[in-house]
Amino acid sequence: MIQKLKYGEPMLKVKYIEDESNYEISMMAILINLSYDVKEDILLEGIPLQPMKGTIVGHTTVPHIDKAVIVENYEELAADPNVFDKFAEAWPQMYTLRPEERFKGLPFYHAEGEFVHDGMIYIDSNCIAQPHNLGLHQNHPRDIDEYHCLLLGAGAMQMFHEKDFDTKFREMQMAPGIVHDVLFDANGGYQWHQFQSFAPTVFMGIHITRKKAD
């Protein structure tokens, strides 16, 4: 099953892929393995891409994909010197969608996403047109496993003991194609965290709904 996602248009060409064999990737693209439940590797020329990890890949045929998302036009976007201005023009400012104080006045633009895999996975994307931090937060509106993949630019996911920038205890550097490590503990709890952009940046959010215990 191949599902074309419309949320990021006209800037992003994104597809969700599930249970597909011999999937051809021509131009360089960003591929994220979303096999969070089955935990099946994606083999790229025999080399495993582990679940909830991403990479830049092209000019290959993938033997089997359990679940994945692919940004097909990565190569085109990365070559465009005006790409961040175009994202800012195409997407609404985050503060108009979510008027939280941490977003006020930021050049932060957001494309509302789509649910896939029977509503269990939600995929959206964001653009920060200037280097900036996005503000510390700990909880989320839904009970989710939260991941992010960098699509363009340079940044880091940072973790803090308290709602205080001076309490940072971990920083996970991110480049295009990189999905950071888990942000939550064995009980599903989050520390204070934020995304920090070091350059104009586009990143994808991946929210996996947690199943309720029987």
# chains A, B, ... in the order shown; residues from 1 in each chain; ligands from 1

call {"tool": "closest_atom_pairs", "arguments": {"of": "stretch 110-196 of chain A", "to": "stretch 60-75 of chain A", "cutoff": "9 Å", "atoms": "only C-alpha atoms", "output": "CSV"}}
result
residue,atom,partner,partner_atom,distance
A:His117,CA,A:Lys67,CA,8.6
A:Ile123,CA,A:Val69,CA,8.8
A:Leu151,CA,A:Tyr74,CA,7.5
A:Leu152,CA,A:Tyr74,CA,8.3

call {"tool": "atom_distance", "arguments": {"atom1": "atom CA of A:Ile128", "atom2": "atom CA of A:Val202"}}
result
6.4 Å

call {"tool": "residues_around", "arguments": {"residues": "A:Gly58", "least_positions_apart": "6", "cutoff": "8 Å", "atoms": "only C-alpha atoms", "output": "list in words"}}
result
Ile25, Ser26, Met27, Met28 and Ala29 of chain A

call {"tool": "closest_residue", "arguments": {"among": "A:Leu136, A:Met159, A:Ala111, A:Ile144", "to": "A:Lys6", "atoms": "only C-alpha atoms"}}
result
A:Ala111

call {"tool": "closest_atom_pairs", "arguments": {"of": "stretch 69-136 of chain A", "to": "stretch 178-201 of chain A", "cutoff": "12 Å", "atoms": "only C-alpha atoms", "output": "tab-separated table"}}
result
residue	atom	partner	partner_atom	distance
A:Leu77	CA	A:Thr201	CA	11.8
A:Ala78	CA	A:Thr201	CA	11.1
A:Pro81	CA	A:Pro200	CA	11.5
A:Asn82	CA	A:Pro200	CA	11.0
A:Val83	CA	A:Pro200	CA	9.7
A:Phe84	CA	A:Pro200	CA	6.9
A:Asp85	CA	A:Pro200	CA	9.8
A:Phe87	CA	A:Thr201	CA	10.1
A:Ala88	CA	A:Pro200	CA	10.8
A:Arg102	CA	A:Gln194	CA	10.7
A:Pro107	CA	A:Pro200	CA	9.7
A:Phe108	CA	A:Thr201	CA	9.6
A:Tyr109	CA	A:Thr201	CA	10.4
A:His110	CA	A:Thr201	CA	11.9
A:Ser125	CA	A:Thr201	CA	10.6
A:Asn126	CA	A:Thr201	CA	8.2
A:Cys127	CA	A:Thr201	CA	5.7
A:Ile128	CA	A:Thr201	CA	5.2
A:Ala129	CA	A:Pro200	CA	4.8
A:Gln130	CA	A:Pro200	CA	4.7
A:Pro131	CA	A:Ala199	CA	4.6
A:His132	CA	A:Ser197	CA	5.3
A:Asn133	CA	A:Gln196	CA	4.3
A:Leu134	CA	A:Phe195	CA	5.8
A:Gly135	CA	A:Gln194	CA	5.8
A:Leu136	CA	A:Gln194	CA	5.0

call {"tool": "residues_around", "arguments": {"residues": "A:Gly54", "least_positions_apart": "6", "cutoff": "9 Å", "atoms": "only C-alpha atoms", "output": "list in words"}}
result
Ile30, Leu31, Ile32, Asn33, Cys149, Pro176, Gly177, Ile178 and Val179 of chain A

call {"tool": "write_last_selection", "arguments": {"atoms": "C-alpha atoms", "output": "mmCIF file, in the first residue's frame"}}
result
data_model
loop_
_atom_site.group_PDB
_atom_site.id
_atom_site.type_symbol
_atom_site.label_atom_id
_atom_site.label_comp_id
_atom_site.auth_asym_id
_atom_site.auth_seq_id
_atom_site.Cartn_x
_atom_site.Cartn_y
_atom_site.Cartn_z
ATOM 1 C CA ILE A 30 14.733 10.801 2.922
ATOM 2 C CA LEU A 31 13.413 7.421 4.097
ATOM 3 C CA ILE A 32 12.237 6.770 7.667
ATOM 4 C CA ASN A 33 11.578 3.264 8.936
ATOM 5 C CA CYS A 149 13.431 13.692 11.539
ATOM 6 C CA PRO A 176 19.115 15.721 7.167
ATOM 7 C CA GLY A 177 17.802 12.165 7.404
ATOM 8 C CA ILE A 178 18.541 11.805 11.121
ATOM 9 C CA VAL A 179 15.824 10.728 13.593
#

call {"tool": "closest_residue", "arguments": {"among": "A:Leu44, A:Asn139, A:Asp124, A:Tyr16", "to": "A:His59", "atoms": "only C-alpha atoms"}}
result
A:Leu44

call {"tool": "select_by_dssp", "arguments": {"residues": "stretch 14-97 of chain A", "states": "helix (DSSP H, G or I)", "output": "list in words"}}
result
Tyr74, Glu75, Glu76, Leu77, Ala78, Val83, Phe84, Asp85, Lys86, Phe87, Ala88, Glu89, Ala90, Met94, Tyr95, Thr96 and Leu97 of chain A

call {"tool": "select_by_dssp", "arguments": {"residues": "chain A", "states": "strand (DSSP E or B)", "output": "NGL selection string"}}
result
:A and (2-5 or 14-25 or 29-33 or 42-44 or 47-49 or 54-57 or 60-71 or 93 or 108-116 or 121-128 or 133 or 137 or 144-152 or 155-160 or 168-174 or 179 or 184 or 190 or 192-197 or 201-209)
